Structure formats: C-alpha cells, structure tokens
>>> print(open('structure.txt').read())   # compact mmCIF, C-alpha atoms
# COMPACT_ATOMS: atom_id res chain seq x y z
CA LEU Q 137 92.98 109.05 162.55
CA THR Q 138 94.16 107.12 165.54
CA LEU Q 139 97.54 107.83 167.13
CA ILE Q 140 98.92 104.55 165.77
CA GLU Q 141 97.78 105.35 162.24
CA LEU Q 142 99.37 108.81 162.51
CA LEU Q 143 102.69 107.35 163.71
CA VAL Q 144 102.69 104.79 160.87
CA SER Q 145 102.03 107.58 158.35
CA LEU Q 146 104.93 109.63 159.74
CA VAL Q 147 107.28 106.64 159.57
CA LEU Q 148 106.30 105.87 155.98
CA ALA Q 149 106.68 109.53 155.00
CA SER Q 150 110.13 109.62 156.65
CA ILE Q 151 111.23 106.47 154.79
CA ILE Q 152 110.09 107.91 151.45
CA THR Q 153 111.84 111.21 152.19
CA LEU Q 154 115.09 109.48 153.14
CA ALA Q 155 114.98 107.30 150.02
CA ALA Q 156 114.35 110.32 147.80
CA THR Q 157 117.21 112.22 149.47
CA ALA Q 158 119.60 109.27 149.05
CA LEU Q 159 118.60 108.90 145.39
CA TYR Q 160 119.18 112.60 144.77
CA SER Q 161 122.57 112.45 146.48
CA VAL Q 162 123.65 109.46 144.39
CA THR Q 163 122.45 111.18 141.22
CA VAL Q 164 124.36 114.38 142.01
CA SER Q 165 127.50 112.40 142.90
CA SER Q 166 127.28 110.38 139.69
CA TYR Q 167 126.80 113.55 137.65
CA LYS Q 168 129.88 115.14 139.23
CA THR Q 169 131.93 111.99 138.60
CA VAL Q 170 130.88 111.78 134.96
CA ASP Q 171 131.41 115.51 134.48
CA ALA Q 172 134.91 115.33 136.04
CA ALA Q 173 135.82 112.32 133.88
CA GLN Q 174 134.63 114.13 130.76
CA GLU Q 175 136.66 117.21 131.71
CA LEU Q 176 139.79 115.07 132.15
CA GLN Q 177 139.23 113.46 128.75
CA ASP Q 178 138.76 116.86 127.13
CA SER Q 179 141.94 118.11 128.81
CA GLY Q 180 143.88 115.09 127.59
CA ARG Q 181 142.62 115.50 124.03
CA PHE Q 182 143.52 119.19 124.07
CA ALA Q 183 147.06 118.50 125.30
CA LEU Q 184 147.60 115.76 122.71
CA GLU Q 185 146.22 117.99 119.95
CA VAL Q 186 148.63 120.83 120.83
CA ILE Q 187 151.60 118.45 121.08
CA GLY Q 188 150.59 116.62 117.91
CA GLN Q 189 150.29 119.85 115.97
CA ALA Q 190 153.77 120.89 117.14
CA ALA Q 191 155.16 117.46 116.25
CA ARG Q 192 153.83 117.74 112.71
CA MET Q 193 155.74 121.03 112.34
CA ALA Q 194 159.07 119.48 113.41
CA GLY Q 195 161.79 119.80 110.79
CA TYR Q 196 159.66 121.82 108.39
CA GLN Q 197 161.77 123.72 105.86
CA ASN Q 198 160.19 126.23 103.54
CA TYR Q 199 161.81 125.34 100.23
CA THR Q 200 159.51 127.56 98.18
CA GLN Q 201 159.87 130.85 100.08
CA ARG Q 202 160.92 133.81 97.94
CA ASP Q 203 161.78 137.34 98.91
CA GLY Q 204 159.57 140.35 98.23
CA SER Q 205 160.97 140.86 94.73
CA GLY Q 206 160.15 137.29 93.71
CA ARG Q 207 163.72 136.00 93.72
CA ASP Q 208 164.68 132.73 95.42
CA ASN Q 209 165.69 133.38 99.00
CA SER Q 210 169.20 132.01 99.58
CA ARG Q 211 168.28 131.07 103.16
CA ARG Q 212 165.71 128.53 102.09
CA PHE Q 213 168.15 125.58 102.13
CA ALA Q 214 170.09 126.69 105.22
CA PRO Q 215 169.86 123.95 107.88
CA THR Q 216 169.59 124.81 111.55
CA THR Q 217 172.39 123.66 113.86
CA LEU Q 218 169.80 122.63 116.46
CA PRO Q 219 167.92 119.29 116.33
CA THR Q 220 164.39 119.53 114.98
CA VAL Q 221 163.27 117.05 117.67
CA ARG Q 222 164.92 116.69 121.05
CA GLY Q 223 163.96 115.84 124.61
CA PHE Q 224 165.43 115.04 127.99
CA ASN Q 225 164.39 112.72 130.82
CA ASN Q 226 163.50 114.03 134.29
CA SER Q 227 164.17 117.53 133.06
CA THR Q 228 163.36 121.18 133.39
CA ILE Q 229 164.31 123.75 130.78
CA LYS Q 230 167.76 125.21 131.36
CA SER Q 231 166.98 128.73 130.23
CA SER Q 232 164.04 130.69 128.90
CA THR Q 233 166.22 133.19 127.05
CA ILE Q 234 168.17 131.03 124.59
CA ASN Q 235 166.96 128.79 121.79
CA ASP Q 236 169.16 125.92 122.98
CA GLY Q 237 167.74 125.78 126.50
CA ASP Q 238 165.41 122.82 126.20
CA GLY Q 239 166.78 120.86 129.13
CA ALA Q 240 169.31 118.37 130.44
CA THR Q 241 168.73 114.82 131.65
CA ASP Q 242 168.19 114.41 135.41
CA ASN Q 243 168.12 118.10 136.27
CA GLY Q 244 164.98 117.93 138.39
CA GLY Q 245 161.82 117.51 136.33
CA LEU Q 246 158.59 117.75 138.33
CA ASN Q 247 157.61 114.17 139.24
CA LEU Q 248 160.34 112.99 136.83
CA SER Q 249 158.68 114.79 133.91
CA ASP Q 250 160.50 115.10 130.59
CA THR Q 251 160.98 118.04 128.26
CA LEU Q 252 160.18 117.91 124.54
CA ALA Q 253 161.22 120.44 121.89
CA PHE Q 254 160.26 120.78 118.23
CA ARG Q 255 161.94 123.22 115.84
CA PHE Q 256 160.86 124.34 112.39
CA GLN Q 257 161.16 127.11 109.85
CA GLY Q 258 158.41 129.66 109.40
CA SER Q 259 156.67 131.08 106.38
CA SER Q 260 156.29 134.69 105.26
CA LYS Q 261 153.98 136.55 102.94
CA LEU Q 262 154.87 136.50 99.26
CA ASP Q 263 155.31 140.27 99.15
CA ASN Q 264 157.02 140.62 102.53
CA ALA Q 265 159.76 138.16 103.49
CA VAL Q 266 159.84 139.28 107.15
CA GLU Q 267 156.10 139.19 107.90
CA ALA Q 268 154.57 135.82 108.83
CA ASP Q 269 151.71 134.63 106.67
CA GLY Q 270 150.07 132.77 109.59
CA SER Q 271 150.32 129.26 108.14
CA ILE Q 272 153.07 128.07 110.53
CA ILE Q 273 152.44 128.52 114.27
CA ASP Q 274 154.11 127.43 117.50
CA CYS Q 275 152.53 125.84 120.58
CA LEU Q 276 151.20 129.22 121.72
CA GLY Q 277 149.47 129.82 118.41
CA THR Q 278 151.91 132.54 117.34
CA ALA Q 279 152.83 132.68 113.66
CA LYS Q 280 156.50 132.30 112.72
CA SER Q 281 158.03 134.15 109.78
CA TYR Q 282 160.67 132.87 107.39
CA PRO Q 283 164.12 132.69 109.07
CA ALA Q 284 166.45 135.66 108.98
CA ASN Q 285 169.44 133.34 109.51
CA PRO Q 286 170.07 129.57 109.71
CA ASP Q 287 169.24 129.36 113.43
CA ASP Q 288 166.19 131.63 113.31
CA VAL Q 289 163.71 128.79 113.72
CA GLY Q 290 160.37 128.37 115.42
CA LEU Q 291 160.34 126.56 118.75
CA SER Q 292 157.64 124.63 120.59
CA LEU Q 293 159.11 123.45 123.89
CA PHE Q 294 156.97 121.49 126.38
CA SER Q 295 157.76 121.07 130.07
CA VAL Q 296 155.96 120.65 133.40
CA ALA Q 297 156.29 122.93 136.41
CA VAL Q 298 154.11 124.39 139.16
CA ASP Q 299 152.42 127.73 138.62
CA THR Q 300 152.22 130.68 141.00
CA ILE Q 301 149.61 128.94 143.19
CA GLY Q 302 151.44 125.62 143.30
CA GLU Q 303 149.33 123.89 140.65
CA PRO Q 304 151.29 121.60 138.27
CA ALA Q 305 150.84 122.54 134.63
CA LEU Q 306 152.05 121.62 131.16
CA ARG Q 307 153.84 124.68 129.84
CA CYS Q 308 154.95 125.91 126.44
CA THR Q 309 158.03 127.96 125.66
CA SER Q 310 158.30 129.32 122.13
CA SER Q 311 160.69 131.38 120.08
CA THR Q 312 158.18 134.24 120.27
CA SER Q 313 157.56 133.97 124.04
CA THR Q 314 160.62 132.87 125.99
CA ILE Q 315 158.70 132.94 129.29
CA PRO Q 316 157.01 129.52 129.75
CA GLN Q 317 153.23 129.81 129.49
CA PRO Q 318 150.83 127.27 131.07
CA ILE Q 319 148.58 125.58 128.52
CA LEU Q 320 146.98 122.90 130.72
CA LYS Q 321 146.76 122.77 134.51
CA GLY Q 322 146.63 119.61 136.59
CA VAL Q 323 149.37 117.78 134.66
CA GLU Q 324 151.25 115.76 137.28
CA THR Q 325 153.83 114.21 134.96
CA PHE Q 326 154.81 114.20 131.28
CA GLN Q 327 156.71 111.28 129.74
CA VAL Q 328 158.09 110.92 126.21
CA MET Q 329 159.40 108.01 124.12
CA TYR Q 330 161.10 108.36 120.74
CA GLY Q 331 160.76 106.12 117.70
CA LEU Q 332 164.04 105.73 115.80
CA ASP Q 333 164.49 104.62 112.21
CA THR Q 334 167.98 103.19 112.61
CA ASP Q 335 168.38 101.92 109.05
CA ASP Q 336 171.09 103.25 106.81
CA ALA Q 337 170.24 106.76 105.57
CA THR Q 338 169.55 105.43 102.06
CA LYS Q 339 167.13 102.80 103.37
CA ARG Q 340 165.11 104.78 105.88
CA MET Q 341 161.37 104.51 105.33
CA GLY Q 342 160.26 106.76 108.16
CA THR Q 343 159.01 103.82 110.22
CA PRO Q 344 160.18 103.42 113.85
CA ILE Q 345 162.35 100.35 114.34
CA LYS Q 346 162.82 100.81 118.07
CA TRP Q 347 161.45 103.00 120.85
CA VAL Q 348 163.75 104.56 123.45
CA SER Q 349 163.72 107.30 126.08
CA GLY Q 350 165.48 110.59 125.51
CA GLN Q 351 168.53 109.62 127.52
CA ASN Q 352 169.12 106.71 125.13
CA VAL Q 353 169.16 108.84 121.98
CA ALA Q 354 172.73 109.70 121.00
CA ALA Q 355 173.36 113.31 119.99
CA ALA Q 356 173.91 112.27 116.38
CA ASP Q 357 170.73 110.16 116.32
CA TRP Q 358 168.11 112.86 116.81
CA VAL Q 359 167.86 113.10 113.02
CA LYS Q 360 166.67 109.48 113.08
CA VAL Q 361 163.64 110.25 115.26
CA VAL Q 362 160.55 109.71 113.12
CA ALA Q 363 157.84 109.48 115.80
CA VAL Q 364 157.15 110.32 119.42
CA ARG Q 365 154.87 108.83 122.06
CA VAL Q 366 153.74 110.99 124.95
CA GLY Q 367 152.08 110.08 128.23
CA LEU Q 368 150.33 112.47 130.58
CA VAL Q 369 148.99 112.01 134.08
CA ILE Q 370 146.26 114.62 134.55
CA ARG Q 371 144.14 115.28 137.64
CA GLY Q 372 141.02 117.33 138.06
CA ASP Q 373 140.49 120.37 140.23
CA VAL Q 374 141.31 119.97 143.88
CA GLY Q 375 138.08 119.50 145.87
>>> encode(input="structure.txt", output="structure tokens")
Amino acid sequence: LTLIELLVSLVLASIITLAATALYSVTVSSYKTVDAAQELQDSGRFALEVIGQAARMAGYQNYTQRDGSGRDNSRRFAPTTLPTVRGFNNSTIKSSTINDGDGATDNGGLNLSDTLAFRFQGSSKLDNAVEADGSIIDCLGTAKSYPANPDDVGLSLFSVAVDTIGEPALRCTSSTSTIPQPILKGVETFQVMYGLDTDDATKRMGTPIKWVSGQNVAAADWVKVVAVRVGLVIRGDVG
C-alpha cells in the first residue's frame, strides 16, 4: 500500500466508526426514552387503578352482615356522620390521627394538590363479626371488618407530599394506618373534579349533571357526588 492509500483507508475506517458510534448512541437514547415513557404510563395506570378501586368502595354499606350467631346485626343500617366522598382544593391532610382529618381548602397542598377521601363499611366473616373476611380493602390493601359503631368506617385518603428524601409522592392514609404511606413517587400534583347529580332526590339517576372543584361543593351536597375525575402530573426518576 502507498501512504495515500493507507491514509484514505484510515479516514474511511474513522468515518464508519463514527457513524456506528452515533447510531448506537441514538439507539440507546431512544430506548431510554421509550422505557421512561412506558414507566410513566405504568405508574399512571397503577395510580388510577388504586384510586378507582377506592372510589368504587365509596359509600358501601353491608346490608347483609349478620353476627356470629346468625342474627341480623343492628348496626347494618347505621349511617356514618362523615361524607362517603369528600375532597379539598390545594390541601394537605389536617391530622393523621382522626378519621375526620382529610383536609381543608387552601391549607398548603404541594403544587396546589388536592386531597380526596372515600369512606365505606367493611365486611366480616359469617362466624366472626369482628374479623374481616378480606373482600373490602382500603387503598393500602388492608381488609376492613364490619363496623363496631356508626362511625367505624374504612378510609382511603389520598394526598401529595414530599418523602424523607424530598421526592414528591402520592400518599394513602387509611383507617388501619393513620400514618400516610407513599404509593407512587414522582407525583408533582394531584387534581380532582366532582360530578354532581343535582336533581331532586326522587329523580336522581346517578348521572353527573355538572362538574365542580371541591371548594364549590356545599357541605350538604357531598351526598350528590356520583363521579370523580382525577388528574396527575407524574415525572420519572431524576437523572
């Protein structure tokens, strides 16, 4: 080979190497982007599934529960004094030690996040009125037993706050675990709208007539909430 031919060969080899390196880099970058997008979609679906499951439990009353001797349990028709669905705008939970601590409007929600609470009665085994049968669970997956008194209801309360390392997370507070537990990290904000059936009580069909935010639901109108819409802004891992 002449010197010129050798130099041309080196140049061509360098061009091919650079092209292969660039192609590999683009492929790796695309893979990471697709993988991150898929992870975000999976996270969103998981959050909506947990919230949706809790929403379907809202207002559940166990009309068929009987005590261990087979007699009708007198508590089965006892209504709770707390709304079965309730939420607050730009809110953090007021207390993690009381059942009525699901928030207050404009008390400092992370990135204006809302709170959302669902309450429901539990279900016990046929031969043991105080032991949960596992069919009714809260947002942490803990089974709730039949109520011991009118206000002994299950609670699935959602809120957003930062964890111990400063990462924002969607959290769940339940009647069985009053310390909020993170269920999904990377949730920047959580927004809720409520669908109201405002017809006369005898004409309600369970279909939303209007959608409003929590601050626009009067205290007496929470019983008219028949649907909820939730919005989440989720980000992937930092870096």
>>> atom_distance(input="structure.txt", atom1="atom CA of Ala240 of chain Q", atom2="atom CA of Gly195 of chain Q")
21.1 Å
>>> atom_distance(input="structure.txt", atom1="atom CA of Arg340 of chain Q", atom2="atom CA of Phe224 of chain Q")
24.4 Å
>>> residues_around(input="structure.txt", residues="Thr334 of chain Q", least_positions_apart="4", cutoff="12 Å", atoms="only C-alpha atoms", output="number ranges by chain")
Q: 330, 338-348, 353-354, 356-362
>>> atom_distance(input="structure.txt", atom1="atom CA of Val323 of chain Q", atom2="atom CA of Thr228 of chain Q")
14.5 Å
>>> residues_near_point(input="structure.txt", point="(154.2, 122.1, 123.6)", cutoff="6 Å", atoms="only C-alpha atoms", output="NGL selection string")
:Q and (187 or 275 or 292-294 or 308)
>>> closest_residue(input="structure.txt", among="Q:Pro304, Q:Gly290, Q:Gly350, Q:Gly180", to="Gly331 of chain Q", atoms="only C-alpha atoms")
Q:Gly350
>>> closest_residue(input="structure.txt", among="Q:Ser227, Q:Leu320, Q:Asp236, Q:Asn352", to="Glu175 of chain Q", atoms="only C-alpha atoms")
Q:Leu320
>>> residues_around(input="structure.txt", residues="segment 256-259 of chain Q", least_positions_apart="3", cutoff="12 Å", atoms="all atoms listed in the file", output="ChimeraX atom specification")
/Q:190-203,209,211-221,253,262-275,278-293,310-312
>>> axis_aligned_box(input="structure.txt", around="segment 220-239 of chain Q", padding_each_side="6 Å", output="JSON")
{"center_x": 166.2, "center_y": 123.0, "center_z": 124.6, "size_x": 17.9, "size_y": 32.5, "size_z": 31.3}
>>> residues_around(input="structure.txt", residues="Leu176 of chain Q", least_positions_apart="6", cutoff="10 Å", atoms="all atoms listed in the file", output="NGL selection string")
:Q and (170 or 182 or 322 or 369-373)
>>> closest_residue(input="structure.txt", among="Q:Ile152, Q:Ile315, Q:Leu248, Q:Leu306", to="Gln327 of chain Q", atoms="all atoms listed in the file")
Q:Leu248
>>> residues_around(input="structure.txt", residues="Leu184 of chain Q", least_positions_apart="4", cutoff="10 Å", atoms="only C-alpha atoms", output="ChimeraX atom specification")
/Q:178-180,188-190,366-368
>>> closest_residue(input="structure.txt", among="Q:Leu252, Q:Ala149, Q:Glu324, Q:Leu332", to="Gly302 of chain Q", atoms="all atoms listed in the file")
Q:Glu324
>>> closest_residue(input="structure.txt", among="Q:Leu246, Q:Gly277, Q:Thr309, Q:Ala355", to="Thr325 of chain Q", atoms="only C-alpha atoms")
Q:Leu246
>>> residues_around(input="structure.txt", residues="Asn226 of chain Q", least_positions_apart="6", cutoff="8 Å", atoms="only C-alpha atoms", output="number ranges by chain")
Q: 241-251
